[in-house]
>>> print(open('start.txt').read())   # compact mmCIF, C-alpha atoms and all ligand atoms
# COMPACT_ATOMS: atom_id res chain seq x y z
CA MET A 1392 46.55 13.15 7.36
CA SER A 1393 46.68 14.67 10.84
CA HIS A 1394 43.54 14.24 12.97
CA SER A 1395 43.28 17.99 13.42
CA ILE A 1396 42.50 18.46 9.71
CA VAL A 1397 38.84 18.58 8.72
CA VAL A 1398 37.59 18.79 5.11
CA ARG A 1399 33.92 19.74 4.73
CA PRO A 1400 31.51 21.40 2.29
CA ALA A 1401 31.77 25.17 2.42
CA THR A 1402 28.83 27.25 3.64
CA ALA A 1403 28.01 30.88 2.90
CA ASP A 1404 29.89 31.79 6.11
CA ASP A 1405 33.04 30.43 4.46
CA LEU A 1406 32.78 32.83 1.51
CA PRO A 1407 35.53 35.19 2.83
CA VAL A 1408 37.85 32.20 3.33
CA LEU A 1409 37.19 30.92 -0.19
CA GLN A 1410 37.77 34.42 -1.59
CA GLU A 1411 41.07 34.72 0.27
CA LEU A 1412 42.32 31.26 -0.74
CA HIS A 1413 41.24 31.76 -4.37
CA ALA A 1414 43.17 35.06 -4.46
CA ALA A 1415 46.19 33.31 -2.91
CA LEU A 1416 46.01 30.63 -5.63
CA CYS A 1417 45.91 33.32 -8.35
CA ALA A 1418 48.87 35.14 -6.79
CA ALA A 1419 50.82 31.87 -6.66
CA GLU A 1420 49.93 31.04 -10.29
CA ARG A 1421 51.21 34.46 -11.39
CA ALA A 1422 54.36 34.30 -9.24
CA SER A 1423 55.26 30.86 -10.56
CA GLY A 1424 54.62 31.89 -14.17
CA TYR A 1425 51.95 29.17 -14.56
CA ASP A 1426 49.27 31.73 -15.45
CA ASP A 1427 50.20 35.37 -16.07
CA ASN A 1428 46.51 36.21 -16.43
CA ALA A 1429 45.30 34.73 -13.13
CA ASP A 1430 43.07 37.45 -11.65
CA THR A 1431 43.81 37.99 -7.96
CA ASN A 1432 40.80 40.36 -7.74
CA PHE A 1433 38.25 37.99 -9.30
CA ALA A 1434 37.08 36.25 -6.09
CA ALA A 1435 36.37 39.58 -4.39
CA SER A 1436 34.51 40.98 -7.42
CA PRO A 1437 30.71 40.73 -7.72
CA SER A 1438 30.99 38.05 -10.41
CA GLY A 1439 33.58 36.11 -8.41
CA GLN A 1440 31.41 36.24 -5.31
CA ALA A 1441 28.37 35.09 -7.32
CA TYR A 1442 30.42 32.23 -8.80
CA LEU A 1443 31.64 31.01 -5.41
CA LEU A 1444 28.20 31.35 -3.80
CA ALA A 1445 26.64 29.32 -6.63
CA ARG A 1446 29.17 26.53 -6.03
CA ILE A 1447 28.47 26.69 -2.27
CA ASP A 1448 24.73 26.53 -2.96
CA GLY A 1449 25.06 23.24 -4.84
CA ASP A 1450 25.70 24.35 -8.42
CA GLY A 1451 28.85 22.25 -8.20
CA LEU A 1452 31.09 21.65 -5.20
CA ALA A 1453 32.90 23.94 -2.74
CA LEU A 1454 35.10 22.44 0.00
CA VAL A 1455 37.19 23.98 2.76
CA ALA A 1456 39.92 22.35 4.86
CA HIS A 1457 40.69 23.55 8.38
CA ASP A 1458 43.47 22.72 10.81
CA GLY A 1459 41.59 23.38 14.03
CA THR A 1460 40.10 26.80 13.37
CA VAL A 1461 42.67 27.82 10.74
CA PRO A 1462 41.62 27.56 7.06
CA VAL A 1463 44.35 25.65 5.20
CA GLY A 1464 42.85 24.74 1.82
CA TYR A 1465 39.91 24.75 -0.55
CA LEU A 1466 38.60 23.11 -3.71
CA VAL A 1467 35.92 24.31 -6.13
CA ALA A 1468 34.39 22.21 -8.92
CA GLY A 1469 31.47 22.30 -11.33
CA VAL A 1470 29.89 20.51 -14.26
CA ARG A 1471 31.27 21.75 -17.55
CA SER A 1472 30.98 20.92 -21.24
CA GLY A 1473 33.85 19.02 -22.80
CA PRO A 1474 34.36 17.81 -26.37
CA ARG A 1475 32.58 14.55 -25.41
CA GLY A 1476 29.76 16.10 -23.37
CA ALA A 1477 29.41 17.11 -19.73
CA VAL A 1478 32.22 16.30 -17.30
CA SER A 1479 32.98 16.98 -13.66
CA GLY A 1480 35.46 19.84 -13.78
CA LEU A 1481 37.90 20.50 -10.96
CA GLU A 1482 38.13 24.27 -11.28
CA SER A 1483 40.64 25.24 -8.60
CA MET A 1484 42.29 23.99 -5.45
CA PHE A 1485 44.93 25.35 -3.08
CA VAL A 1486 46.65 24.31 0.14
CA THR A 1487 48.46 27.00 2.15
CA PRO A 1488 52.24 26.59 1.72
CA ALA A 1489 52.99 25.83 5.40
CA CYS A 1490 50.49 22.94 5.39
CA ARG A 1491 51.57 21.10 2.24
CA ARG A 1492 52.68 17.46 2.10
CA ARG A 1493 50.33 16.57 4.93
CA GLY A 1494 47.67 14.90 2.81
CA ILE A 1495 45.28 17.86 2.65
CA GLY A 1496 45.35 18.05 -1.15
CA THR A 1497 44.67 14.31 -1.29
CA ALA A 1498 41.74 14.66 1.13
CA LEU A 1499 40.22 17.49 -0.94
CA LEU A 1500 40.68 15.49 -4.14
CA GLU A 1501 39.06 12.39 -2.59
CA GLN A 1502 35.94 14.42 -1.77
CA PHE A 1503 35.90 15.78 -5.32
CA LEU A 1504 36.05 12.20 -6.66
CA ILE A 1505 33.17 11.13 -4.39
CA TRP A 1506 31.14 14.06 -5.74
CA HIS A 1507 32.13 13.14 -9.30
CA ARG A 1508 31.10 9.47 -8.87
CA SER A 1509 27.74 10.50 -7.43
CA SER A 1510 27.17 12.79 -10.43
CA GLY A 1511 27.05 9.83 -12.83
CA LEU A 1512 29.08 11.82 -15.36
CA PRO A 1513 31.46 9.73 -17.50
CA SER A 1514 34.67 11.55 -16.63
CA ALA A 1515 36.35 14.15 -14.46
CA SER A 1516 38.84 16.64 -15.83
CA LEU A 1517 41.04 19.54 -14.86
CA ALA A 1518 43.65 21.83 -16.38
CA VAL A 1519 47.12 22.18 -14.91
CA ALA A 1520 50.26 24.02 -16.01
CA PRO A 1521 52.81 21.56 -17.41
CA GLY A 1522 55.45 22.83 -14.97
CA ASN A 1523 53.26 22.35 -11.90
CA HIS A 1524 54.89 19.09 -10.89
CA ALA A 1525 53.41 19.05 -7.37
CA ALA A 1526 49.82 19.24 -8.63
CA ILE A 1527 50.48 16.82 -11.50
CA ALA A 1528 51.94 14.28 -9.06
CA LEU A 1529 48.90 14.65 -6.81
CA TYR A 1530 46.47 14.16 -9.71
CA GLU A 1531 48.39 11.24 -11.23
CA LYS A 1532 48.45 9.51 -7.85
CA ALA A 1533 44.64 9.68 -7.92
CA GLY A 1534 44.54 8.14 -11.41
CA PHE A 1535 44.34 11.20 -13.68
CA ARG A 1536 46.29 10.95 -16.93
CA GLY A 1537 47.14 13.64 -19.49
CA THR A 1538 45.12 13.61 -22.71
CA THR A 1539 45.02 16.79 -24.82
CA LEU A 1540 47.94 19.21 -24.68
CA VAL A 1541 46.61 22.75 -25.22
CA LEU A 1542 49.10 25.22 -26.76
CA GLU A 1543 48.53 28.98 -26.58
CA LEU A 1544 50.10 31.90 -28.44
CA ALA A 1545 49.80 35.14 -26.43
CA SER A 1546 48.43 38.05 -28.47
CA PRO A 1547 50.85 41.02 -28.80
CA ALA A 1548 48.81 42.94 -26.18
CA ARG A 1549 48.96 40.07 -23.67
CA ALA A 1550 52.66 39.49 -24.31
CA HIS A 1551 53.30 43.22 -23.74
CA ASN A 1552 51.23 43.25 -20.52
CA SER A 1553 53.03 40.25 -19.08
CA GLU A 1554 56.35 42.12 -19.47
CA ALA A 1555 55.06 45.01 -17.34
C1 LIG B 1 49.07 20.85 -5.42
C2 LIG B 1 48.69 21.02 -3.93
C3 LIG B 1 47.19 21.29 -3.83
C4 LIG B 1 49.03 19.70 -3.20
O1 LIG B 1 48.56 19.83 -1.87
P1 LIG B 1 49.19 18.97 -0.66
O2 LIG B 1 48.31 19.10 0.50
O3 LIG B 1 50.63 19.34 -0.48
O4 LIG B 1 49.12 17.49 -1.28
P2 LIG B 1 49.34 16.11 -0.49
O5 LIG B 1 50.08 16.33 0.80
O6 LIG B 1 48.03 15.43 -0.39
O7 LIG B 1 50.29 15.32 -1.50
C5 LIG B 1 49.86 14.12 -2.14
C6 LIG B 1 50.91 13.65 -3.10
O8 LIG B 1 51.07 14.59 -4.17
C7 LIG B 1 52.46 14.60 -4.56
N1 LIG B 1 53.05 15.91 -4.27
C8 LIG B 1 52.50 16.93 -3.56
N2 LIG B 1 53.33 17.97 -3.53
C9 LIG B 1 54.44 17.60 -4.22
C10 LIG B 1 55.66 18.26 -4.53
N3 LIG B 1 55.93 19.51 -4.12
N4 LIG B 1 56.57 17.58 -5.28
C11 LIG B 1 56.32 16.34 -5.71
N5 LIG B 1 55.18 15.65 -5.43
C12 LIG B 1 54.25 16.29 -4.70
C13 LIG B 1 53.14 13.53 -3.73
O9 LIG B 1 53.03 12.29 -4.44
C14 LIG B 1 52.29 13.52 -2.49
O10 LIG B 1 52.36 12.33 -1.75
P3 LIG B 1 53.56 12.17 -0.65
O11 LIG B 1 53.58 13.41 0.19
O12 LIG B 1 53.14 10.94 0.12
O13 LIG B 1 54.83 11.99 -1.44
C15 LIG B 1 49.53 22.15 -3.28
O14 LIG B 1 50.90 21.94 -3.56
C16 LIG B 1 49.13 23.53 -3.74
O15 LIG B 1 48.21 24.14 -3.22
N6 LIG B 1 49.86 24.05 -4.76
C17 LIG B 1 49.61 25.41 -5.26
C18 LIG B 1 48.26 25.51 -5.94
C19 LIG B 1 48.11 24.52 -7.07
O16 LIG B 1 49.04 24.15 -7.76
N7 LIG B 1 46.85 24.12 -7.25
C20 LIG B 1 46.49 23.22 -8.32
C21 LIG B 1 46.32 24.02 -9.58
S1 LIG B 1 45.78 22.99 -10.92
>>> encode(input="start.txt", output="structure tokens", more="lines below")
Ligand SMILES: CC(C)(COP(=O)(O)OP(=O)(O)OC[C@H]1O[C@@H](n2cnc3c(N)ncnc32)[C@H](O)[C@@H]1OP(=O)(O)O)[C@@H](O)C(=O)NCCC(=O)NCCS
Amino acid sequence: MSHSIVVRPATADDLPVLQELHAALCAAERASGYDDNADTNFAASPSGQAYLLARIDGDGLALVAHDGTVPVGYLVAGVRSGPRGAVSGLESMFVTPACRRRGIGTALLEQFLIWHRSSGLPSASLAVAPGNHAAIALYEKAGFRGTTLVLELASPARAHNSEA
């Protein structure tokens, strides 16, 4: 990774950056067809802001990556309940398109894994669209392996909305 890239815990001053990058992730998820319900307005909403601030304040993990002064990526994680108890959950991450394949995703993921190991929780997990080969390759390189395959059937209302 280039020396100009810095990954660090986010502070409250980084909230607008996290909101912008979270919205960019949701827009990308919708555009790629990975998640037709990704809410581009969530991060700017009161509940989205409260969620991100809680992660920043230590109820989980919030990281930002900068290239010099330019924000180029983020990662947010929290503890969540799985079928076998609490796990470290990687909730979302995004690297700006122009800065990909420079090791920023790997650097964000490494910090997540350090946080996970310090948590003492037995496992870390995340959800990823099966067609998202870039993210899957990144996660598999770090040792993640697929376990449960979740299948969804869109309700008639959701199927109708996604055609709009
Ligand atoms: C997934 C994502 C975070 C990867 O970020 P990145 O900074 O490009 O990742 P890195 O440069 O650290 O890549 C590490 C490895 O992941 C794999 N990888 C990353 N992008 C890839 C791609 N487009 N195709 C195939 N493998 C890829 C490679 O093995 C790569 O190592 P290499 O460059 O030495 O071959 C980035 O593509 C992204 O933001 N995508 C859109 C949002 C997203 O999918 N988020 C995850 C949702 S679950």
>>> axis_aligned_box(input="start.txt", around="region 1537-1549 of chain A", padding_each_side="4 Å", output="lines of an AutoDock Vina configuration file")
center_x = 47.9
center_y = 28.3
center_z = -24.1
size_x = 13.8
size_y = 37.3
size_z = 17.3
>>> atom_distance(input="start.txt", atom1="atom C21 of ligand LIG 1 (chain B)", atom2="CA of Val1478 (chain A)")
17.8 Å
>>> closest_residue(input="start.txt", among="A:Asn1523, A:Thr1402, A:Ser1516, A:Ser1395", to="Gly1424 (chain A)", atoms="all atoms listed in the file")
A:Asn1523
>>> atom_distance(input="start.txt", atom1="CA of Arg1536 (chain A)", atom2="atom N6 of ligand LIG 1 (chain B)")
18.2 Å
>>> residues_around(input="start.txt", residues="Ala1526 (chain A)", least_positions_apart="6", cutoff="10 Å", atoms="all atoms listed in the file", output="list of chain:residue names")
A:Met1484, A:Phe1485, A:Gly1496, A:Val1519, A:Ala1520, A:Lys1532
>>> closest_atom_pairs(input="start.txt", of="chain A", to="ligand LIG 1 (chain B)", cutoff="8 Å", atoms="only C-alpha atoms and all ligand atoms", output="Markdown table")
| residue | atom | partner | partner_atom | distance |
| --- | --- | --- | --- | --- |
| A:Leu1416 | CA | B:LIG1 | C18 | 5.6 |
| A:Ala1419 | CA | B:LIG1 | C17 | 6.7 |
| A:Glu1420 | CA | B:LIG1 | C18 | 7.2 |
| A:Gly1464 | CA | B:LIG1 | O15 | 7.4 |
| A:Glu1482 | CA | B:LIG1 | S1 | 7.8 |
| A:Ser1483 | CA | B:LIG1 | C21 | 5.9 |
| A:Met1484 | CA | B:LIG1 | N7 | 4.9 |
| A:Phe1485 | CA | B:LIG1 | O15 | 3.5 |
| A:Val1486 | CA | B:LIG1 | O15 | 3.7 |
| A:Thr1487 | CA | B:LIG1 | O15 | 6.1 |
| A:Pro1488 | CA | B:LIG1 | O15 | 6.8 |
| A:Cys1490 | CA | B:LIG1 | O2 | 6.6 |
| A:Arg1491 | CA | B:LIG1 | O3 | 3.4 |
| A:Arg1492 | CA | B:LIG1 | O5 | 3.1 |
| A:Arg1493 | CA | B:LIG1 | O5 | 4.1 |
| A:Gly1494 | CA | B:LIG1 | O6 | 3.3 |
| A:Ile1495 | CA | B:LIG1 | O2 | 3.9 |
| A:Gly1496 | CA | B:LIG1 | O2 | 3.5 |
| A:Thr1497 | CA | B:LIG1 | O6 | 3.7 |
| A:Ala1498 | CA | B:LIG1 | O6 | 6.5 |
| A:Leu1517 | CA | B:LIG1 | S1 | 7.1 |
| A:Ala1518 | CA | B:LIG1 | S1 | 6.0 |
| A:Val1519 | CA | B:LIG1 | S1 | 4.3 |
| A:Ala1520 | CA | B:LIG1 | S1 | 6.9 |
| A:Asn1523 | CA | B:LIG1 | O16 | 6.2 |
| A:His1524 | CA | B:LIG1 | C11 | 6.0 |
| A:Ala1525 | CA | B:LIG1 | C9 | 3.6 |
| A:Ala1526 | CA | B:LIG1 | C1 | 3.7 |
| A:Ile1527 | CA | B:LIG1 | C1 | 7.4 |
| A:Ala1528 | CA | B:LIG1 | C7 | 4.5 |
| A:Leu1529 | CA | B:LIG1 | O8 | 3.4 |
| A:Tyr1530 | CA | B:LIG1 | O8 | 7.2 |
| A:Lys1532 | CA | B:LIG1 | O9 | 6.4 |
>>> closest_residue(input="start.txt", among="A:Asp1426, A:His1394, A:Ala1533, A:Arg1508", to="Ala1545 (chain A)", atoms="all atoms listed in the file")
A:Asp1426
>>> atom_distance(input="start.txt", atom1="CA of Arg1446 (chain A)", atom2="CA of Leu1466 (chain A)")
10.3 Å
>>> closest_residue(input="start.txt", among="A:Pro1521, A:Phe1433, A:Ala1468, A:Ala1414", to="Leu1540 (chain A)", atoms="only C-alpha atoms")
A:Pro1521
>>> closest_residue(input="start.txt", among="A:Asp1458, A:Gly1451, A:Pro1400, A:Gly1534", to="Ser1510 (chain A)", atoms="all atoms listed in the file")
A:Gly1451
>>> residues_around(input="start.txt", residues="Thr1460 (chain A)", least_positions_apart="3", cutoff="10 Å", atoms="only C-alpha atoms", output="list of chain:residue names")
A:Ser1395, A:Ile1396, A:Val1397, A:Ala1456, A:His1457, A:Val1463
>>> residues_around(input="start.txt", residues="Ala1477 (chain A)", least_positions_apart="6", cutoff="7 Å", atoms="all atoms listed in the file", output="count of residues only")
3
>>> closest_residue(input="start.txt", among="A:Ala1403, A:Ser1393, A:Thr1538, A:Ser1514", to="Val1455 (chain A)", atoms="only C-alpha atoms")
A:Ala1403
>>> closest_residue(input="start.txt", among="A:Ser1546, A:Asn1432, A:Gln1502, A:Gln1410", to="Leu1444 (chain A)", atoms="all atoms listed in the file")
A:Gln1410
